[in-house]
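Here's the structure we're looking at; comments come further down.
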Protein chains: 2
Amino acid sequence: MRVAALAGGTGAAKLLRGLAACVPGDALTIVGNTGDDAEIWGLHVSPDLDTVAYALAGRLDVARGWGLAGDTFRCLEAMAGLGAETWFNLGDRDLATHLHRTRLLRAGVPLSGVTRDLARRLGVAARLLPMSDDRVRTRVRTPGPGGDRWLDFQEYFVRDKALVEALEVVYEGAGSARPAPGVLDAIAGADAVVVCPSNPVTSVGPILAVPGVAEALGATAAPVVAVSPIVGGAPVSGPAGRLMQARGLPVSPAGVAAAYAPWLTALLVDTRDASCAPELGALGVACVPADVVMTDRASEVALARRVLEAAATAGRRR
Amino acid sequence: MRVAALAGGTGAAKLLRGLAACVPGDALTIVGNTGDDAEIWGLHVSPDLDTVAYALAGRLDVARGWGLAGDTFRCLEAMAGLGAETWFNLGDRDLATHLHRTRLLRAGVPLSGVTRDLARRLGVAARLLPMSDDRVRTRVRTPGPGGDRWLDFQEYFVRDKALVEALEVVYEGAGSARPAPGVLDAIAGADAVVVCPSNPVTSVGPILAVPGVAEALGATAAPVVAVSPIVGGAPVSGPAGRLMQARGLPVSPAGVAAAYAPWLTALLVDTRDASCAPELGALGVACVPADVVMTDRASEVALARRVLEAAATAGRRR
């Protein structure tokens with residue numbers, strides 16, 4: 001069974017660990033969000049790609065949900081001593097990833113090539129693709145005393161801890177970005193497409209904003225199954241609630257379904273949210289109740305199985 | 001007393017610590033070699049400038065003679081895991097210096113501005129200048145099985161541990177380099193110019209190769225006093241012997257004096273080498289016996305005092 005998965009960071013990493021336990025590495029293609037990539041200390045950081053790669057390599061700091069387990073922060077301390085901004089935590093071992101990536105990018109290797117190289121060196125069996133080799137940057141408009149301000153996603157999310165109001169979200173550069181090599185083929189050739197339980201606006205949204213991706217999702221014969229990142233009216237983690245509001249979406253499984261409605265086959269929702277089935281049905285989306293909150297490795301695998309079962313049940317769409 | 005000092009790395013750092021104890025910070029200008037600068041992992045590393053800055057900040061790893069005391073090497077280990085070359089040891093805290101420098105250089109700040117900024121942030125009172133803001137690279141021609149090879153200085157010195165024969169040394173880019181702002185003025189306006197006990201070929205040589213520097217040394221009214229890095233027919237440390245041979249210089253205090261003869265006033269030589277006085281005299285250089293091997297902070301200060309005394313004894317040249 002060939003699976004293509006659209007992925008953000010922390011939430012996606014959990015489900016992907018589960019999927020990787022169910023599907024051979026060469027049958028799993030992950031399309032990762034790069035809209036929250038950032039330049040930190042002059043280095044190109046791809047937080048979502050790294051979180052997924054580290055998770056699949058068994059090296060993610062699970063407690064934090066980012067970075068490498070057991071990492072140290074000596075360079076960060078020294079950067080603080082030199083007056084650099086240190087709100088984005090780069091660990092000493094983690095730094096190697098960004099140094100390696102930045103050097104290859106400057107040498108002209110596209111991000112997809114760099115990502116393949118890093119994944120291979122980390123021992124990731126699945127195929128990890130950035131959504132695009134072109135620069136796309138998620139930016140958030142927030143209110144400020146002297147007028148609205150546009151923040152880079154990491155400024156909004158990490159520096160300002162997503163505490164400020166989000167008025168608008170845009171994906172700068174998306175309009176002229178091309179899907180990375182393999183992205184459209186993975187969607188078209190999959191037996192199941194999985195949308196991980198990631199923020200629909202700032203994790204999955206940038207991927208969908210790359211011209212051709214939403215069209216491929218609409219055209220694929222594979223069922224498209226998503227897992228709701230919203231449980232009981234609130235996100236499992238992160239600022240999805242505020243950002244869905246900014247996008248005019250209800251903060252509910254129905255809001256998630258609405259964001260994906262044109263091409264979504266089924267949405268796995270928490271058993272507590274099973275009552276949303278009629279709402280989803282009205283959008284043409286099948287409602288599949290499940291335990292969507294992953295608290296350990298066993299629940300990750302169990303949810304992955306449920307996702308693949310839901311896809312098998314839905315069958316081919318055309 | 002205004003002092004201008006020409007400096008390489010480890011040996012220079014010791015004498016400079018001594019000089020900094022004798023002269024107020026704003027009266028000491030150090031012109032550092034950048035011919036052995038290197039790009040490591042995409043970062044601009046200035047080994048000699050850093051060794052001097054760390055030493056004057058009291059943070060040099062004295063046992064190694066490079067890097068920061070107590071540094072760790074987690075990033076380096078991770079870089080090795082990613083297949084990067086790791087023969088040039090960059091510590092985790094040390095990395096911050098190179099990240100900071102690289103980012104500022106890419107933003108268009110000249111190396112002299114970056115060096116001033118780093119020195120200030122590290123708490124260095126003396127004025128530290130790179131010899132030039134322009135790129136100069138010391139390269140060493142070595143014999144190879146398939147013909148001669150040109151190595152960057154760090155490849156020759158660190159990677160290959162200076163074990164291969166040096167046939168020729170060139171300072172790539174020196175011909176069109178300009179002295180960094182302040183370099184010529186410091187030499188012209190000094191009461192004493194000090195040439196630190198550094199390798200005459202690959203530490204002081206690149207500085208002298210920048211057009212205008214040797215002329216300034218010839219024209220300054222200040223006495224120019226050097227400390228011999230050669231004691232008893234061998235260098236105190238490093239590959240100065242082989243490199244002086246490659247340059248056709250005898251590996252002796254007289255060889256050092258010959259390299260600097262056109263403008264050198266006096267050379268401090270080890271008391272064991274006092275018999276070279278006639279040879280030096282023939283070159284027009286006064287021979288000043290001293291304990292030139294610095295083994296602790298007290299001997300650094302003592303030697304610095306001897307240097308300043310020798311300069312005062314020589315008096316103004318014109």
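Quick note on naming: the chains in the structure tokens go A, B, ... in the order shown, residues restart at 1 in each chain, and ligands are numbered from 1 in order of appearance.
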Residues of chain A within 7 Å of chain B: nearest atom pair and distance (Å, one decimal) for each, counting only C-alpha atoms, sorted by chain and number, as JSON lines?
```
{"residue": "A:Trp41", "atom": "CA", "partner": "B:Leu99", "partner_atom": "CA", "distance": 6.4}
{"residue": "A:Gly42", "atom": "CA", "partner": "B:Arg103", "partner_atom": "CA", "distance": 5.4}
{"residue": "A:Arg74", "atom": "CA", "partner": "B:Arg93", "partner_atom": "CA", "distance": 5.6}
{"residue": "A:Cys75", "atom": "CA", "partner": "B:Arg93", "partner_atom": "CA", "distance": 4.5}
{"residue": "A:Ala78", "atom": "CA", "partner": "B:Arg93", "partner_atom": "CA", "distance": 5.3}
{"residue": "A:Met79", "atom": "CA", "partner": "B:Ala96", "partner_atom": "CA", "distance": 5.2}
{"residue": "A:Leu82", "atom": "CA", "partner": "B:Arg121", "partner_atom": "CA", "distance": 5.8}
{"residue": "A:Asp92", "atom": "CA", "partner": "B:Cys75", "partner_atom": "CA", "distance": 4.9}
{"residue": "A:Arg93", "atom": "CA", "partner": "B:Cys75", "partner_atom": "CA", "distance": 4.5}
{"residue": "A:Leu95", "atom": "CA", "partner": "B:Cys75", "partner_atom": "CA", "distance": 6.3}
{"residue": "A:Ala96", "atom": "CA", "partner": "B:Met79", "partner_atom": "CA", "distance": 5.2}
{"residue": "A:Leu99", "atom": "CA", "partner": "B:Trp41", "partner_atom": "CA", "distance": 6.4}
{"residue": "A:Arg103", "atom": "CA", "partner": "B:Gly42", "partner_atom": "CA", "distance": 5.4}
{"residue": "A:Arg121", "atom": "CA", "partner": "B:Leu82", "partner_atom": "CA", "distance": 5.8}
```
Restricting it to C-alpha atoms, dump the selection as a short mmCIF file (atom, residue, chain, number, x, y, z; two decimals), in the first residue's frame.
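out-v6.cif, written as the output of this step:
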```cif
data_model
loop_
_atom_site.label_atom_id
_atom_site.label_comp_id
_atom_site.auth_asym_id
_atom_site.auth_seq_id
_atom_site.Cartn_x
_atom_site.Cartn_y
_atom_site.Cartn_z
CA TRP A 41 21.90 33.00 12.76
CA GLY A 42 22.31 32.89 8.98
CA ARG A 74 26.41 25.66 24.54
CA CYS A 75 26.49 27.49 21.21
CA ALA A 78 27.62 31.74 23.50
CA MET A 79 25.39 33.40 20.89
CA LEU A 82 27.51 37.85 21.55
CA ASP A 92 24.53 21.95 19.51
CA ARG A 93 23.89 18.66 17.67
CA LEU A 95 23.08 22.86 14.59
CA ALA A 96 24.92 20.31 12.47
CA LEU A 99 24.98 23.93 8.93
CA ARG A 103 26.07 24.72 3.01
CA ARG A 121 22.22 10.16 6.81
#
```
Quiz prompt | Within 8 Å of A:Met131 using only C-alpha atoms, minus same-chain residues under 4 positions, as a list in words | solution = Val31, Gly32, Asn33, Thr34, Pro179, Ala180, Val183, Ile207 and Val210 of chain A
Exercise. Could you please write out, as a ChimeraX atom specification, every residue of stretch 101-265 of chain A that DSSP assigns to strand (DSSP E)?
Key: /A:127-130,137-142,149-152,168-172,192-195,224-227,230-231,234-235
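Ranking B:Gly25, B:Gly8, B:Gly281, B:Gly35 by their shortest atom-to-atom distance to B:Val140, with only C-alpha atoms included, puts B:Gly35 first.
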Check the DSSP output for the backbone and give back, as a short mmCIF file (atom, residue, chain, number, x, y, z; two decimals) with N, CA and C atoms, in the first residue's frame, the residues of stretch 150-204 of chain A in alpha helix (DSSP H).
```cif
data_model
loop_
_atom_site.label_atom_id
_atom_site.label_comp_id
_atom_site.auth_asym_id
_atom_site.auth_seq_id
_atom_site.Cartn_x
_atom_site.Cartn_y
_atom_site.Cartn_z
N PHE A 153 6.37 33.36 10.58
CA PHE A 153 5.66 32.40 11.41
C PHE A 153 6.41 32.09 12.71
N GLN A 154 7.72 31.92 12.62
CA GLN A 154 8.47 31.57 13.84
C GLN A 154 8.51 32.73 14.83
N VAL A 183 6.32 15.27 -5.52
CA VAL A 183 5.15 15.56 -4.69
C VAL A 183 3.86 15.18 -5.41
N LEU A 184 3.69 15.70 -6.61
CA LEU A 184 2.43 15.44 -7.32
C LEU A 184 2.31 13.96 -7.69
N ASP A 185 3.41 13.35 -8.09
CA ASP A 185 3.40 11.93 -8.43
C ASP A 185 3.03 11.08 -7.22
N ALA A 186 3.56 11.45 -6.04
CA ALA A 186 3.25 10.68 -4.82
C ALA A 186 1.77 10.71 -4.53
N ILE A 187 1.15 11.89 -4.72
CA ILE A 187 -0.29 12.02 -4.47
C ILE A 187 -1.08 11.23 -5.52
N ALA A 188 -0.66 11.39 -6.77
CA ALA A 188 -1.39 10.72 -7.86
C ALA A 188 -1.24 9.20 -7.78
N GLY A 189 -0.07 8.72 -7.36
CA GLY A 189 0.20 7.29 -7.39
C GLY A 189 -0.08 6.57 -6.09
N VAL A 204 -0.62 22.59 7.15
CA VAL A 204 -1.10 21.98 5.91
C VAL A 204 -1.41 23.09 4.88
#
```
Quiz item: Smallest atom-to-atom distance to B:Ala5: which of B:Ala259, B:Ala63, B:Val193, B:Val170, using only C-alpha atoms?
Solution: B:Val193
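Closest to B:Ala162 among B:Gly241, B:Pro24, B:Gly315, B:Gly70 is B:Gly241, based on only C-alpha atoms.
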Self-check item: All residues 7 Å or closer to A:Leu267, only C-alpha atoms, same chain fewer than 5 positions away omitted, as number ranges by chain
Solution: A: 225-228, 257, 285-288
Quiz prompt | Pick from A:Ser198, A:Thr295, A:Thr142, A:Ser252 nearest to A:Ala234, counting only C-alpha atoms | solution = A:Ser252
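In this model, the gap between atom CA of A:Ala282 and atom CA of A:Ile230 comes to 18.8 Å.
Considering the residues B:Ala266, B:Ala214, B:Ala4, B:Ala240 and counting only C-alpha atoms, B:Thr29 has its shortest atom-to-atom contact with B:Ala4.
Excluding B:Leu308 and any residue on its chain fewer than 2 positions from it, the residues at most 9 Å away by only C-alpha atoms are B:Val3, B:Leu19, B:Cys22, B:Ala192, B:Val194, B:Val225, B:Leu303, B:Ala304, B:Arg305, B:Arg306, B:Ala310, B:Ala311, B:Ala312, B:Thr313.
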Quiz item: Nearest to A:Thr265 among A:Gly212, A:Thr51, A:Leu217, A:Gly233, with distances taken over only C-alpha atoms: which residue is it?
Solution: A:Leu217
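Atom pair atom CA of A:His44 / atom CA of A:Asn89: separated by 13.6 Å.
For A:Pro47, the list of residues within 8 Å, based on only C-alpha atoms and with local chain neighbours fewer than 2 positions off taken out, reads A:Gly9, A:Thr34, A:Asp36, A:Asp37, A:Val45, A:Leu49, A:Asp50, A:Thr51, A:Trp66.
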